[in-house]
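Accompanying notes for the structure given below.
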Amino acid sequence: MKFTIFHESRIGKRKSNQDRLSYCYSRDALLMVVADGMGGHLHGELAAQVAVEYLTEAFQRESLPRLPDPFLFLSWGLTNAHHAIAAHAAERGLPEAPRTTCVACVVQDSIAYWAHAGDSRLYVIRDGRVLAQSRDHSRVQAMIDQGQLTAAEARHHPARNRVYSCLGGDHTPQIDFSRKTTLAAGDIIALCSDGVWGALDDATLVSTLESASVTDGVPRLLDEAEARAGETCDNLSLIALNWEESYGDNTTAMVETQTMPLDTHTTLMGGFDAPRPRDPELTEDDIERAIEEIRGAIQKYSR
Amino acid sequence: MPSQQSNQPLPPGFQLDRYRIERQLSLGGFSIVYLAYDADETPVAIKEYLPNSLALRSAGTVPVVSEEHRNAFRHGMKCFFEEGRALAHLSHPNVVRVLNFFRANETVYMVMQYERGRTLQEHIRRCKGAIKEGFVRNVFSRLLNGLREVHAQKLLHLDIKPANIYLRTDGAPVLLDFGAARQALSSDGPYLKPMYTPGFAAPEQYEAPDQLGPWTDIYAVGASIYTTLGGAVPPAASARLVKDERVPAEKRWAGKYSKQLLETVDWCMQLDYLERPLSVFALQKALADGGAPQRDHSWADTLSQRLKGLIGK
């Protein structure tokens, strides 16, 4: 497999980041997961974390180096993650099982398979347009499907955040599966939480990801989403993948899995709070001191 | 790189501290360099810290830094200080001299001696492949004196290329632009990418930033000489790692320049840094005395080659 992958999660203007994401790949298979813990319920981030961890661990167990059946993996993975959240809640004595949306995608043999519950989305982009995308489990999406609402009206609809399927909670989730989608070199797959797609229109999402490698496109899209969402910015999470059969220019970011041992995985998972590592702040005093020091050195060494 | 909004330079005539801006000299990803005059009408070059991806000046004089980029902006400033600090400790005729350092417009400025002359890049363009071996040996040997000082300060330049080598009107080369110096910037996520110039950047700058060393600058020196000899930039190290289509100097300019010089260039441009001269001194020796680079062949081989050369004449 050859691809470039990039992920980023930002807190937005919220108090905590309840989004979780992860990707993981073996020599022959790749898994990407985005889960958006539901804020209206307690411990949304816990549900998201359990879902992402569960799927990633299952993937590591089963893809040695291939998954026997990607759809079956997704089906069991999401269903078991749902039960794992409930079990976790019971163990911790939580009054109700926390909830999370979840979208997960497997790529194997250049074929993409995905499944989701809730309104975290997946897009497949080819030649500047959306080739396929997941259909939200939300009331507004249902209304759009029935012709009661246009996509533009839905953006401001009061119930736009209401989802009727999720992992965790009391009900068995509705999980929808994609068709097998064969990828071509140059295709882009993007998985994101509603903070991202809610703040952007599809055209911006497509054009930004098309215009640059995902290593640049992802941060730019999140910048854009943050700017547009302003003070009410939700958590933003995005994983995007450039599928590459041919050599790209940027050999450092591109992954080549052919030489990986059959029984190992490379995993990258955002931690519980996953803050960007921060440098100690350079204070005003530090700046003044640095300038003084440099001036001193200039004096001393000038001839 | 994707196109980014670029920053507006300060306007001509702008009074910046005790300097008057004359015009913009160059615009980079991290800074703008101006030609300015001090109170005594002495020309100086002023470098303004202004990373494109973090700070935006569309109007007025003070760049806007968003809350989100504040830390990264300050971190980059630290690196700018490191550059200033390092240069302040260097007083060498072949390294650009820092004269002052100050703060204004919520960013920082480094004042450097302004040299009259032209860059090696311009010189190459004007000479169109008619550059003599003596010139190459002379310019680069002297330049390496400066680079030795730089390395002695535990600093790496990391962006040596003909555009950053200045030829003063008296012919002395001066190493400019330490903006890429140090690799500390690379640790700060996608905002501040390490800079490198394809063709001159060594493979480890793309692939293994933990393996940077004097040999990294030596690769760039080799690539700069390669460019000086032929007028064209060699293929990028990243492309060479995939499929090396660089014609060895030894082959490309055989007969035009001495074998020893061409071998030295190829020695510097080895993809594996262990195969390159490991210190500037080793390279200087090869350039200055015209002796054989210490490689696979013995001095006897070289001697016999030279004898053949003599007999050939």
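By order of appearance in the structure tokens: chains A, B, ..., then residues from 1 within every chain, and ligands from 1 in the order shown.
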Counting only C-alpha atoms, which residues of chain B fall within 7 Å of chain A, and what is the closest atom pair for each with its distance in Å at one decimal, ordered by chain and rising number, as a Markdown table?
```
| residue | atom | partner | partner_atom | distance |
| --- | --- | --- | --- | --- |
| B:Pro2 | CA | A:Ala212 | CA | 6.2 |
| B:Asn71 | CA | A:Glu281 | CA | 6.6 |
| B:Arg74 | CA | A:Leu282 | CA | 6.0 |
| B:Phe81 | CA | A:Ala290 | CA | 6.8 |
| B:Gly84 | CA | A:Ile294 | CA | 6.6 |
| B:Arg85 | CA | A:Ile294 | CA | 5.2 |
| B:Ala88 | CA | A:Ile298 | CA | 4.9 |
| B:His89 | CA | A:Ala297 | CA | 6.0 |
| B:Ser91 | CA | A:Tyr301 | CA | 6.4 |
| B:Val98 | CA | A:Ile298 | CA | 6.9 |
| B:Leu99 | CA | A:Ile298 | CA | 6.5 |
| B:Asn100 | CA | A:Arg295 | CA | 6.3 |
| B:Phe101 | CA | A:Arg295 | CA | 6.3 |
| B:Phe102 | CA | A:Ile291 | CA | 6.6 |
| B:Tyr206 | CA | A:Thr252 | CA | 6.3 |
| B:Glu207 | CA | A:Thr252 | CA | 5.8 |
| B:Ser238 | CA | A:Thr251 | CA | 6.9 |
```
Can you pull out the residues contacting A:Ala89? Cut-off 10 Å, using only C-alpha atoms, and skip same-chain residues under 3 positions away; I want them as number ranges by chain. A: 43, 46-47, 83-86, 92-98, 168-169
Per DSSP on the backbone, what are the strand (DSSP E or B) residues of stretch 70-298 of chain A, as number ranges by chain? A: 99-108, 111-117, 121-126, 129-133, 138, 163, 167-168, 176-177, 181-182, 188-192, 236-243, 254-256, 266-269
What separation in Å, quoted to one decimal, exists between atom CA of A:Asp176 and atom CA of A:Thr204?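 Separation of atom CA of A:Asp176 and atom CA of A:Thr204: 25.9 Å.
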Residue contacts of stretch 115-127 of chain A (7 Å, only C-alpha atoms) excluding same-chain residues fewer than 5 positions away, as JSON, numbers by chain: {"A": [36, 74, 101, 102, 103, 104, 105, 132, 133, 134, 136, 137, 138, 163, 164, 165, 166, 167, 173, 174, 175, 176, 177, 178, 187, 188, 189, 190, 191, 192, 193, 194, 206]}
Near-stretch 141-155 of chain A list (10 Å; only C-alpha atoms; drop same-chain fewer than 6 positions) as a ChimeraX atom specification: /A:119,135,161-163,198-201
Applying 12 Å and only C-alpha atoms, which residues near B:Leu278 remain after dropping the ones on its own chain fewer than 5 positions away? List them as a list in words. His151, Leu212, Gly213, Pro214, Trp215, Thr216, Asp217, Ile218, Tyr219, Trp267, Cys268, Met269, Gln270, Asp272, Tyr273, Leu283, Gln284, Pro293 and Gln294 of chain B
Who sits within 10 Å of stretch 109-111 of chain B, only C-alpha atoms, same chain under 4 positions skipped, as a PDB file with C-alpha atoms, in the first residue's frame:
```pdb
ATOM      1  CA  ILE A 291      17.802  40.969  22.899  1.00  0.00           C
ATOM      2  CA  ILE A 294      22.580  39.461  21.713  1.00  0.00           C
TER       3      ILE A 294
ATOM      4  CA  LEU B  16      12.176  51.676  11.739  1.00  0.00           C
ATOM      5  CA  ASP B  17      13.932  52.340  15.027  1.00  0.00           C
ATOM      6  CA  TYR B  19      16.921  53.080  10.390  1.00  0.00           C
ATOM      7  CA  SER B  31      11.367  36.746   7.107  1.00  0.00           C
ATOM      8  CA  ILE B  32      11.668  39.803   4.934  1.00  0.00           C
ATOM      9  CA  VAL B  33      15.068  41.422   4.348  1.00  0.00           C
ATOM     10  CA  TYR B  34      15.276  45.157   3.673  1.00  0.00           C
ATOM     11  CA  LEU B  35      17.957  47.520   2.551  1.00  0.00           C
ATOM     12  CA  ALA B  36      17.959  50.447   4.985  1.00  0.00           C
ATOM     13  CA  VAL B  44      22.493  48.004   6.344  1.00  0.00           C
ATOM     14  CA  ALA B  45      20.446  44.893   5.687  1.00  0.00           C
ATOM     15  CA  ILE B  46      17.581  44.440   8.150  1.00  0.00           C
ATOM     16  CA  LYS B  47      15.911  41.117   8.574  1.00  0.00           C
ATOM     17  CA  GLU B  48      12.393  41.149   9.950  1.00  0.00           C
ATOM     18  CA  TYR B  49      11.058  38.036  11.704  1.00  0.00           C
ATOM     19  CA  LEU B  50       7.742  37.392   9.972  1.00  0.00           C
ATOM     20  CA  PHE B  80      15.388  33.856  15.358  1.00  0.00           C
ATOM     21  CA  PHE B  81      17.170  34.770  18.590  1.00  0.00           C
ATOM     22  CA  GLU B  83      20.344  32.870  14.793  1.00  0.00           C
ATOM     23  CA  GLY B  84      21.141  36.324  16.144  1.00  0.00           C
ATOM     24  CA  ARG B  97      28.157  40.400  10.475  1.00  0.00           C
ATOM     25  CA  VAL B  98      25.325  41.302  12.828  1.00  0.00           C
ATOM     26  CA  LEU B  99      25.329  44.936  13.902  1.00  0.00           C
ATOM     27  CA  ASN B 100      22.229  45.301  16.004  1.00  0.00           C
ATOM     28  CA  PHE B 101      19.140  43.537  17.208  1.00  0.00           C
ATOM     29  CA  PHE B 102      15.937  45.223  18.280  1.00  0.00           C
ATOM     30  CA  ARG B 103      12.261  44.926  18.851  1.00  0.00           C
ATOM     31  CA  ALA B 104       9.510  46.835  17.078  1.00  0.00           C
ATOM     32  CA  ASN B 105       6.060  46.274  15.581  1.00  0.00           C
TER      33      ASN B 105
END
```
Write out as CSV a residue-level contact list of stretch 103-208 of chain B versus stretch 20-26 of chain B with cut-off 12 Å: for each qualifying residue the closest pair of atoms and the distance in Å to one decimal, counting only C-alpha atoms, rows sorted by chain and residue number upward.
```
residue,atom,partner,partner_atom,distance
B:Val111,CA,B:Ile21,CA,11.7
B:Tyr114,CA,B:Leu25,CA,10.8
B:Ala163,CA,B:Ser26,CA,10.9
B:Asn164,CA,B:Ser26,CA,11.3
B:Asp177,CA,B:Ser26,CA,10.6
```
